[in-house]
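entry_27.tsv follows; it contains TSV, C-alpha atoms.
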chain	number	residue	atom	x	y	z
V	1	MET	CA	10.77	-58.53	-32.75
V	2	GLU	CA	8.29	-55.73	-32.85
V	3	SER	CA	5.41	-58.09	-33.57
V	4	GLU	CA	6.49	-60.34	-30.69
V	5	ALA	CA	6.60	-57.43	-28.37
V	6	TYR	CA	3.16	-56.44	-29.62
V	7	HIS	CA	1.78	-59.94	-28.93
V	8	GLN	CA	3.44	-60.07	-25.54
V	9	GLN	CA	1.90	-56.78	-24.45
V	10	PRO	CA	-1.49	-58.25	-23.35
V	11	GLN	CA	0.31	-60.92	-21.31
V	12	ARG	CA	1.87	-58.25	-19.12
V	13	SER	CA	-1.54	-57.12	-17.95
V	14	LYS	CA	-2.53	-60.15	-15.95
V	15	PRO	CA	-5.87	-60.24	-14.16
V	16	LYS	CA	-4.20	-60.27	-10.75
V	17	ARG	CA	-2.19	-57.18	-11.58
V	18	ARG	CA	-5.32	-55.50	-12.89
V	19	LYS	CA	-7.08	-56.26	-9.69
V	20	GLN	CA	-4.14	-54.93	-7.72
V	21	SER	CA	-4.14	-51.81	-9.87
V	22	ASN	CA	-7.83	-51.32	-9.23
V	23	GLN	CA	-7.26	-51.71	-5.55
V	24	ASN	CA	-4.49	-49.11	-5.60
V	25	SER	CA	-6.65	-46.71	-7.57
V	26	SER	CA	-9.34	-46.98	-4.95
V	27	TYR	CA	-7.06	-45.47	-2.33
V	28	LYS	CA	-8.03	-41.85	-1.62
V	29	ILE	CA	-5.58	-39.03	-1.19
V	30	PRO	CA	-5.76	-37.86	2.42
V	31	THR	CA	-7.76	-34.67	2.83
V	32	LEU	CA	-5.81	-31.90	4.54
V	33	PRO	CA	-7.47	-29.78	7.21
V	34	VAL	CA	-8.81	-26.47	5.92
V	35	GLU	CA	-6.58	-24.56	8.32
V	36	LEU	CA	-3.49	-26.23	6.87
V	37	ILE	CA	-4.61	-25.55	3.30
V	38	ILE	CA	-5.12	-21.88	4.17
V	39	GLU	CA	-1.69	-21.79	5.80
V	40	ILE	CA	-0.03	-23.18	2.66
V	41	LEU	CA	-1.95	-21.16	0.09
V	42	SER	CA	-1.64	-17.90	2.03
V	43	ARG	CA	2.12	-17.93	1.39
V	44	LEU	CA	1.70	-17.97	-2.39
V	45	PRO	CA	1.76	-14.91	-4.67
V	46	VAL	CA	-1.45	-13.47	-6.06
V	47	LYS	CA	-0.80	-14.62	-9.64
V	48	SER	CA	-0.64	-18.25	-8.54
V	49	LEU	CA	-3.77	-17.95	-6.41
V	50	LEU	CA	-5.75	-16.45	-9.29
V	51	LYS	CA	-4.88	-19.53	-11.35
V	52	PHE	CA	-5.68	-21.92	-8.49
V	53	ARG	CA	-9.22	-20.57	-8.30
V	54	CYS	CA	-9.88	-22.62	-11.44
V	55	VAL	CA	-8.90	-25.92	-9.76
V	56	SER	CA	-12.33	-26.50	-8.28
V	57	ARG	CA	-15.36	-24.71	-6.92
V	58	PRO	CA	-14.33	-25.28	-3.27
V	59	TRP	CA	-10.90	-23.77	-3.96
V	60	ARG	CA	-12.47	-20.81	-5.70
V	61	CYS	CA	-14.78	-20.21	-2.74
V	62	LEU	CA	-11.88	-20.59	-0.31
V	63	ILE	CA	-9.52	-18.20	-2.10
V	64	SER	CA	-12.32	-15.66	-2.55
V	65	SER	CA	-13.44	-15.80	1.09
V	66	ARG	CA	-12.78	-12.91	3.47
V	67	LYS	CA	-11.10	-15.25	5.93
V	68	PHE	CA	-8.52	-16.38	3.41
V	69	ILE	CA	-7.96	-12.87	1.99
V	70	LYS	CA	-7.18	-11.61	5.50
V	71	ALA	CA	-4.85	-14.56	6.15
V	72	HIS	CA	-3.03	-13.93	2.88
V	73	LEU	CA	-2.75	-10.22	3.62
V	74	ASN	CA	-1.36	-10.86	7.11
V	75	ALA	CA	1.17	-13.37	5.77
V	76	PHE	CA	2.68	-10.73	3.48
V	77	THR	CA	2.38	-7.65	5.67
V	78	ASN	CA	4.05	-9.43	8.60
V	79	LYS	CA	7.16	-10.23	6.58
V	80	LYS	CA	10.23	-8.41	7.85
V	81	ASP	CA	11.47	-7.79	4.33
V	82	SER	CA	8.83	-5.81	2.45
V	83	THR	CA	10.89	-5.40	-0.72
V	84	HIS	CA	9.26	-8.46	-2.30
V	85	HIS	CA	5.71	-7.07	-2.26
V	86	SER	CA	6.14	-3.27	-2.12
V	87	ARG	CA	6.26	-1.15	-5.23
V	88	LEU	CA	6.88	2.48	-6.00
V	89	LEU	CA	3.96	4.21	-7.72
V	90	LEU	CA	4.83	7.19	-9.94
V	91	ARG	CA	2.43	9.64	-11.56
V	92	PHE	CA	3.60	11.56	-14.63
V	93	VAL	CA	2.14	14.54	-16.44
V	94	GLN	CA	4.74	14.67	-19.22
V	95	PRO	CA	4.77	13.94	-22.09
V	96	HIS	CA	1.22	12.91	-21.15
V	97	HIS	CA	-0.72	11.73	-18.11
V	98	HIS	CA	0.32	8.19	-17.21
V	99	LEU	CA	1.18	5.94	-14.30
V	100	MET	CA	4.26	3.77	-13.79
V	101	ASP	CA	5.58	1.53	-11.05
V	102	CYS	CA	8.90	0.14	-9.95
V	103	SER	CA	9.78	-2.71	-7.62
V	104	ILE	CA	11.34	-1.55	-4.36
V	105	ARG	CA	13.67	-4.53	-4.61
V	106	SER	CA	14.79	-3.42	-8.07
V	107	LEU	CA	15.31	0.10	-6.77
V	108	LEU	CA	17.46	-1.25	-3.96
V	109	TYR	CA	19.59	-3.83	-5.75
V	110	ASP	CA	19.62	-2.98	-9.49
V	111	SER	CA	21.92	-0.34	-10.93
V	112	ASP	CA	19.27	0.38	-13.55
V	113	PRO	CA	15.83	-0.04	-11.89
V	114	LYS	CA	13.16	-1.52	-14.11
V	115	ILE	CA	9.95	0.47	-14.43
V	116	PHE	CA	6.65	-0.56	-15.96
V	117	GLN	CA	3.67	1.37	-17.24
V	118	LEU	CA	0.40	0.61	-15.47
V	119	SER	CA	-2.93	0.52	-17.24
V	120	TYR	CA	-5.25	2.14	-14.75
V	121	PRO	CA	-9.08	2.39	-14.97
V	122	MET	CA	-10.50	4.91	-17.43
V	123	GLN	CA	-7.01	5.75	-18.63
V	124	ASN	CA	-6.87	8.86	-20.79
V	125	PRO	CA	-3.53	10.55	-21.64
V	126	ARG	CA	-5.29	13.93	-21.81
V	127	LYS	CA	-7.10	13.51	-18.51
V	128	SER	CA	-5.38	14.44	-15.26
V	129	PHE	CA	-5.69	12.25	-12.18
V	130	LYS	CA	-4.46	12.28	-8.59
V	131	ILE	CA	-3.47	9.49	-6.18
V	132	LEU	CA	-5.41	9.86	-2.94
V	133	GLY	CA	-3.83	7.01	-0.98
V	134	SER	CA	-3.14	3.30	-0.77
V	135	VAL	CA	-3.91	0.71	1.93
V	136	ASN	CA	-3.55	-3.09	1.82
V	137	GLY	CA	-3.00	-3.12	-1.94
V	138	LEU	CA	-6.01	-0.90	-2.71
V	139	ILE	CA	-5.26	2.36	-4.50
V	140	CYS	CA	-7.70	5.25	-4.32
V	141	PHE	CA	-7.39	7.94	-6.99
V	142	SER	CA	-9.43	10.66	-8.63
V	143	SER	CA	-9.82	11.52	-12.28
V	144	GLU	CA	-11.42	14.92	-12.52
V	145	SER	CA	-14.89	14.46	-10.93
V	146	ASP	CA	-14.71	10.65	-10.72
V	147	LEU	CA	-13.23	8.59	-7.89
V	148	PHE	CA	-11.89	5.04	-8.11
V	149	LEU	CA	-10.94	2.13	-5.86
V	150	TRP	CA	-8.48	-0.08	-7.69
V	151	ASN	CA	-6.50	-3.23	-6.94
V	152	PRO	CA	-3.87	-3.67	-9.68
V	153	SER	CA	-2.96	-7.17	-8.47
V	154	ILE	CA	-6.38	-8.65	-9.24
V	155	ARG	CA	-7.26	-6.04	-11.91
V	156	LYS	CA	-10.47	-4.91	-10.31
V	157	PHE	CA	-11.74	-1.37	-9.91
V	158	LYS	CA	-14.83	0.42	-8.71
V	159	LYS	CA	-16.00	3.86	-9.76
V	160	PHE	CA	-17.86	6.14	-7.36
V	161	CYS	CA	-18.64	9.83	-7.27
V	162	ASP	CA	-18.17	12.64	-4.80
V	163	PRO	CA	-21.36	14.75	-4.69
V	164	GLN	CA	-19.33	17.88	-3.89
V	165	SER	CA	-16.46	17.15	-6.31
V	166	GLY	CA	-14.09	19.49	-4.54
V	167	TYR	CA	-11.49	18.99	-1.82
V	168	TYR	CA	-8.32	20.40	-0.36
V	169	PHE	CA	-6.85	17.58	1.73
V	170	HIS	CA	-7.49	13.87	1.76
V	171	GLY	CA	-6.59	10.52	3.27
V	172	PHE	CA	-7.37	6.86	2.64
V	173	GLY	CA	-7.55	4.40	5.55
V	174	TYR	CA	-8.87	1.07	6.81
V	175	ASP	CA	-11.40	0.53	9.59
V	176	GLN	CA	-10.28	-2.84	10.94
V	177	LEU	CA	-13.23	-3.16	13.32
V	178	ARG	CA	-15.78	-3.09	10.49
V	179	ASP	CA	-13.50	-4.30	7.70
V	180	ASP	CA	-14.27	-1.05	5.90
V	181	TYR	CA	-12.12	1.13	3.64
V	182	LYS	CA	-12.72	4.85	4.01
V	183	LEU	CA	-11.79	7.94	2.04
V	184	VAL	CA	-11.62	11.19	4.04
V	185	ILE	CA	-11.90	14.50	2.20
V	186	ILE	CA	-11.39	17.78	4.03
V	187	SER	CA	-12.76	21.10	2.77
V	188	PRO	CA	-12.99	24.44	4.60
V	189	LYS	CA	-16.57	23.87	5.81
V	190	GLU	CA	-16.91	20.12	6.22
V	191	VAL	CA	-15.32	16.69	6.29
V	192	ARG	CA	-16.72	14.07	3.93
V	193	ILE	CA	-16.11	10.38	4.56
V	194	TYR	CA	-16.81	7.65	2.03
V	195	SER	CA	-17.41	4.11	3.28
V	196	SER	CA	-16.83	1.17	0.93
V	197	ASN	CA	-19.13	-1.02	3.07
V	198	SER	CA	-22.16	1.22	2.71
V	199	ASP	CA	-21.06	2.69	-0.63
V	200	SER	CA	-22.15	6.11	0.64
V	201	TRP	CA	-20.86	9.41	2.01
V	202	ARG	CA	-21.11	10.77	5.52
V	203	ILE	CA	-20.72	14.52	6.10
V	204	ILE	CA	-19.22	15.90	9.30
V	205	VAL	CA	-19.69	19.65	9.69
V	206	HIS	CA	-16.97	21.31	11.71
V	207	ASP	CA	-16.35	24.80	13.06
V	208	ARG	CA	-12.64	24.56	13.66
V	209	GLN	CA	-10.04	26.16	11.41
V	210	TYR	CA	-7.34	23.72	10.46
V	211	GLY	CA	-4.86	26.31	9.21
V	212	LEU	CA	-2.07	25.15	6.95
V	213	PHE	CA	-1.49	21.50	6.10
V	214	ARG	CA	2.10	20.53	5.32
V	215	GLU	CA	1.01	17.79	2.94
V	216	ASP	CA	-2.19	17.04	1.03
V	217	GLU	CA	-2.28	13.33	1.81
V	218	GLY	CA	-2.77	12.00	5.33
V	219	VAL	CA	-0.41	9.38	6.74
V	220	PHE	CA	-2.26	6.24	7.86
V	221	VAL	CA	-0.90	4.66	11.05
V	222	ASN	CA	-2.62	2.74	13.86
V	223	GLY	CA	-6.10	3.17	12.37
V	224	LYS	CA	-5.77	6.96	12.08
V	225	LEU	CA	-4.96	9.47	9.36
V	226	HIS	CA	-2.39	12.11	10.32
V	227	TRP	CA	-1.49	15.56	9.00
V	228	ALA	CA	1.08	18.10	10.12
V	229	ASN	CA	-0.93	21.27	10.72
V	230	SER	CA	-0.01	24.86	11.56
V	231	PRO	CA	-2.40	27.74	12.36
V	232	SER	CA	-0.22	30.14	10.36
V	233	GLN	CA	3.12	30.40	8.65
V	234	ASP	CA	5.23	30.24	11.77
V	235	GLU	CA	7.27	27.63	13.60
V	236	HIS	CA	4.36	26.26	15.62
V	237	TRP	CA	2.80	23.12	14.22
V	238	ASP	CA	0.83	20.16	15.51
V	239	ILE	CA	-0.02	16.65	14.38
V	240	ILE	CA	-3.77	16.28	14.00
V	241	CYS	CA	-5.47	12.99	13.23
V	242	ILE	CA	-8.85	11.43	12.58
V	243	ASP	CA	-9.78	7.93	13.69
V	244	VAL	CA	-11.35	6.15	10.70
V	245	THR	CA	-13.38	3.90	13.03
V	246	ASP	CA	-15.20	6.39	15.28
V	247	GLU	CA	-14.50	9.35	12.94
V	248	LYS	CA	-13.34	11.59	15.79
V	249	TRP	CA	-10.51	14.12	15.65
V	250	GLY	CA	-7.53	14.16	17.95
V	251	LYS	CA	-3.90	15.23	18.32
V	252	VAL	CA	-0.63	13.37	18.57
V	253	GLU	CA	2.11	14.91	20.68
V	254	LYS	CA	5.13	15.84	18.59
V	255	PRO	CA	8.73	15.10	19.61
V	256	PHE	CA	10.64	17.34	21.97
V	257	TYR	CA	13.59	18.48	19.89
V	258	GLY	CA	15.41	20.39	22.58
V	259	GLU	CA	17.41	23.44	21.66
V	260	GLY	CA	18.30	23.74	18.02
V	261	ASP	CA	17.72	25.59	14.80
V	262	PHE	CA	14.88	23.52	13.39
V	263	ASP	CA	12.69	25.23	10.83
V	264	LEU	CA	9.23	24.57	9.46
V	265	THR	CA	10.17	22.03	6.82
V	266	LEU	CA	9.11	18.56	7.85
V	267	SER	CA	7.54	15.44	6.42
V	268	MET	CA	5.58	12.60	7.97
V	269	GLY	CA	5.72	9.00	6.88
V	270	VAL	CA	5.83	5.40	8.04
V	271	LEU	CA	8.96	3.43	8.93
V	272	GLY	CA	7.98	-0.19	9.45
V	273	ASN	CA	4.60	0.28	11.16
V	274	ASP	CA	5.55	3.38	13.14
V	275	LEU	CA	4.65	7.02	12.69
V	276	SER	CA	7.79	8.86	11.64
V	277	ILE	CA	8.94	12.40	10.97
V	278	LEU	CA	11.70	13.87	8.83
V	279	CYS	CA	12.69	17.21	10.33
V	280	ASN	CA	15.21	19.54	8.67
V	281	ASN	CA	17.36	22.20	10.26
V	282	GLN	CA	19.40	25.03	8.81
V	283	SER	CA	22.66	23.14	9.31
V	284	LEU	CA	21.92	20.89	6.33
V	285	GLN	CA	20.89	18.01	8.55
V	286	THR	CA	17.74	15.92	8.56
V	287	HIS	CA	16.70	14.06	11.71
V	288	VAL	CA	14.48	10.98	11.52
V	289	TRP	CA	12.16	10.57	14.51
V	290	ILE	CA	10.07	7.45	15.18
V	291	MET	CA	7.19	7.04	17.62
V	292	LYS	CA	7.94	3.55	18.93
V	293	GLU	CA	4.77	3.32	21.05
V	294	TYR	CA	1.87	5.03	19.39
V	295	GLY	CA	0.26	7.82	21.42
V	296	ILE	CA	3.07	8.06	23.97
V	297	LYS	CA	5.06	11.27	23.59
V	298	GLU	CA	8.06	9.91	25.50
V	299	SER	CA	8.41	7.11	22.94
V	300	TRP	CA	9.52	9.55	20.22
V	301	THR	CA	13.10	8.58	19.43
V	302	LYS	CA	15.59	10.28	17.13
V	303	MET	CA	16.82	7.30	15.18
V	304	TYR	CA	19.00	8.79	12.46
V	305	THR	CA	20.72	12.00	11.42
V	306	ILE	CA	21.34	12.44	7.70
V	307	ASN	CA	23.68	15.07	6.29
V	308	ARG	CA	22.22	16.87	3.29
V	309	SER	CA	25.06	17.40	0.85
V	310	TYR	CA	22.84	18.00	-2.18
V	311	ASN	CA	21.81	20.84	-4.41
V	312	SER	CA	18.30	20.45	-3.08
V	313	ARG	CA	18.07	22.00	0.38
V	314	TYR	CA	15.39	19.71	1.74
V	315	PHE	CA	14.23	16.18	1.27
V	316	SER	CA	10.78	15.59	-0.20
V	317	PRO	CA	7.95	13.84	1.68
V	318	LEU	CA	8.30	10.25	0.49
V	319	PHE	CA	10.39	8.02	2.70
V	320	CYS	CA	9.99	4.45	3.89
V	321	LYS	CA	11.90	1.53	5.37
V	322	MET	CA	12.95	-0.70	2.52
V	323	SER	CA	14.07	-4.02	4.01
V	324	ASN	CA	14.89	-5.91	7.18
V	325	LYS	CA	18.43	-4.55	6.89
V	326	GLY	CA	17.05	-1.11	7.70
V	327	GLU	CA	17.73	0.86	4.51
V	328	ILE	CA	15.54	3.93	4.07
V	329	LEU	CA	14.24	5.20	0.76
V	330	ILE	CA	14.10	8.99	0.56
V	331	GLN	CA	12.84	11.10	-2.31
V	332	LEU	CA	15.23	13.92	-3.20
V	333	ASN	CA	13.24	15.62	-5.95
V	334	GLN	CA	10.88	14.77	-8.79
V	335	SER	CA	13.35	12.54	-10.60
V	336	THR	CA	15.73	11.09	-8.04
V	337	PHE	CA	15.73	8.92	-4.93
V	338	MET	CA	18.45	8.02	-2.51
V	339	ILE	CA	18.91	5.01	-0.27
V	340	TYR	CA	20.28	5.69	3.18
V	341	ASP	CA	21.99	2.93	5.14
V	342	PRO	CA	21.68	3.81	8.86
V	343	LYS	CA	23.96	0.97	9.98
V	344	ASN	CA	26.95	2.49	8.18
V	345	ASP	CA	25.61	6.05	8.28
V	346	SER	CA	26.14	6.21	4.56
V	347	ILE	CA	24.30	6.63	1.30
V	348	ILE	CA	24.63	3.42	-0.65
V	349	CYS	CA	23.00	4.78	-3.79
V	350	GLN	CA	23.32	8.52	-4.15
V	351	LYS	CA	21.10	8.94	-7.17
V	352	VAL	CA	18.48	6.69	-8.72
V	353	THR	CA	16.97	8.37	-11.75
V	354	ILE	CA	13.69	6.76	-12.71
V	355	THR	CA	12.98	8.31	-16.13
V	356	ASP	CA	13.96	11.23	-18.33
V	357	TYR	CA	10.72	12.97	-17.44
V	358	PRO	CA	10.08	14.24	-13.91
V	359	PHE	CA	7.23	12.57	-12.06
V	360	TRP	CA	4.58	14.67	-10.38
V	361	GLU	CA	4.02	12.55	-7.30
V	362	ALA	CA	5.17	9.23	-5.84
V	363	GLY	CA	3.79	6.71	-3.38
V	364	ILE	CA	4.21	3.18	-2.07
V	365	TYR	CA	1.69	0.41	-2.58
V	366	MET	CA	1.50	-3.31	-1.86
V	367	ASN	CA	1.21	-5.45	-4.98
V	368	GLU	CA	0.53	-8.83	-3.32
V	369	SER	CA	-3.06	-8.37	-2.23
V	370	LEU	CA	-6.37	-10.10	-2.92
V	371	VAL	CA	-8.29	-7.42	-1.04
V	372	TRP	CA	-11.46	-6.25	-2.68
V	373	PRO	CA	-14.15	-4.43	-0.65
V	374	ILE	CA	-17.70	-5.57	-1.26
V	375	SER	CA	-20.39	-3.21	-0.06
V	376	GLN	CA	-23.14	-4.52	2.18
V	377	LYS	CA	-25.65	-3.49	-0.48
V	378	GLY	CA	-23.85	-5.61	-3.06
V	379	MET	CA	-23.67	-8.58	-0.70
V	380	MET	CA	-27.37	-8.38	0.05
V	381	GLN	CA	-28.17	-8.21	-3.66
V	382	ARG	CA	-26.10	-11.37	-4.17
V	383	GLY	CA	-27.81	-13.10	-1.26
V	384	VAL	CA	-24.70	-13.27	0.89
V	385	LYS	CA	-25.42	-13.70	4.59
V	386	LEU	CA	-23.97	-10.79	6.60
Would you write out, as structure tokens, the structure that this file holds?
Amino acid sequence: MESEAYHQQPQRSKPKRRKQSNQNSSYKIPTLPVELIIEILSRLPVKSLLKFRCVSRPWRCLISSRKFIKAHLNAFTNKKDSTHHSRLLLRFVQPHHHLMDCSIRSLLYDSDPKIFQLSYPMQNPRKSFKILGSVNGLICFSSESDLFLWNPSIRKFKKFCDPQSGYYFHGFGYDQLRDDYKLVIISPKEVRIYSSNSDSWRIIVHDRQYGLFREDEGVFVNGKLHWANSPSQDEHWDIICIDVTDEKWGKVEKPFYGEGDFDLTLSMGVLGNDLSILCNNQSLQTHVWIMKEYGIKESWTKMYTINRSYNSRYFSPLFCKMSNKGEILIQLNQSTFMIYDPKNDSIICQKVTITDYPFWEAGIYMNESLVWPISQKGMMQRGVKL
């Protein structure tokens, strides 16, 4: 039977069928328009796209192009639910210097959030480092006298140096007009601005006294970096900002609280895409204000009031909108977070302990990003047309 089947095998491949097979094989798969390919690929996670770069040279060029990187970034940043691509970044100093991250989604939905250790550039457990800011998946941090731009998603980093190697306050932002990422460092005598496009520093000498900053890191909203600033230790404070495009200073009008017993303790952050403020009073209440239309004082709206029934008197700076349902993540101290549900005016997770060791600082970064700044010098050296 087997031998008969073997002898019958050639008879199945008749010349006509072969010819038909050849004709079918000559049919070409329809070529999709580039715009449609970009639309499809831009919805995929970074890990998949990094693999797809090996499909062909055209795909590699497409996925590495600035046009596609921007399309991919917009596809993820415009999602209403940011829990899929936002992660919590935690810096520890005990038992040694290290960096860990946790998925916002895990923090929101898991009873025991999963955390992972990150291998960052020039990692040294004996060497201290500081997170200077994060925009569009890029993390800027310092390690003693060295500065780094780092994208954990694509595992790329760039080392650059600050000629002054000293600063008091800082901020990291994105100049959308020039597609340029900038680091702003403020010292008593000058403001230094690093541009990733030119791979160089620009120094702005100023005569003004900034007084006391409430937080070291500036809050990046609407193309500007913001700090809460007070001339002295009193109740008067202002919101000052610097535009990362024209590098000019300005002020943002603060909310009108009305009569009340508000004190100096406040924090600035971002809820959705809006500039927001946490303001505490002496009645163990925290009010959340949002500037719905940037630059318009009358658009400040008190969205939520949270009762502080904790050992800690005040909430810490970190807070952000977690999902399209409106939950807000608030840092209580250096080991615990809470999740506030404004719809029910309740705390759905009173304590979320990350590790046994307290973390030194926390931040939010986007982990689905292909963004990697290439300086104009580097592009010219590679022969890329600007």
Selected residue, from V:Leu212, V:Val221, V:Ile364, V:Ile290, that lies nearest to Trp237 (chain V) when counting only C-alpha atoms =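 Going through V:Leu212, V:Val221, V:Ile364, V:Ile290 one by one, the smallest distance to Trp237 (chain V) is for V:Leu212.
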Figure out the distance between CA of Ile139 (chain V) and CA of Phe157 (chain V), please, to one decimal in Å.
->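 Straight-line distance from CA of Phe157 (chain V) to CA of Ile139 (chain V) works out to 9.2 Å.
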What does the distance from CA of Asn229 (chain V) to CA of Leu266 (chain V) come to in Å, to one decimal?
->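 A separation of 10.8 Å between them.
With all atoms listed in the file as the basis for measurement, V:Leu149 is the residue among V:Cys54, V:Ile339, V:Leu149, V:Ala228 that approaches Trp372 (chain V) most closely.
Atom to atom, CA of Ser195 (chain V) and CA of Gly137 (chain V) stand 16.9 Å apart.
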Compile the contact shell of Lys130 (chain V) as a PyMOL selection string: residues with an atom at most 9 Å away, counting all atoms listed in the file, same-chain residues fewer than 5 positions apart removed.
-> chain V and resi 91+140-144+361
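You can rank V:Pro152, V:Gly295, V:Pro33, V:Gly218 by their closest distance to Met100 (chain V) using only C-alpha atoms, and at the top of that list sits V:Pro152.
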Within 12 Å of Gly363 (chain V) using all atoms listed in the file, minus same-chain residues under 2 positions, as a ChimeraX atom specification = /V:86-91,99-104,130-135,139-141,217,219,269-270,316-320,329-331,359-361,365-366
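Ranking V:Lys302, V:Arg60, V:Arg214, V:Lys114 by their shortest atom-to-atom distance to His226 (chain V), with only C-alpha atoms included, puts V:Arg214 first.
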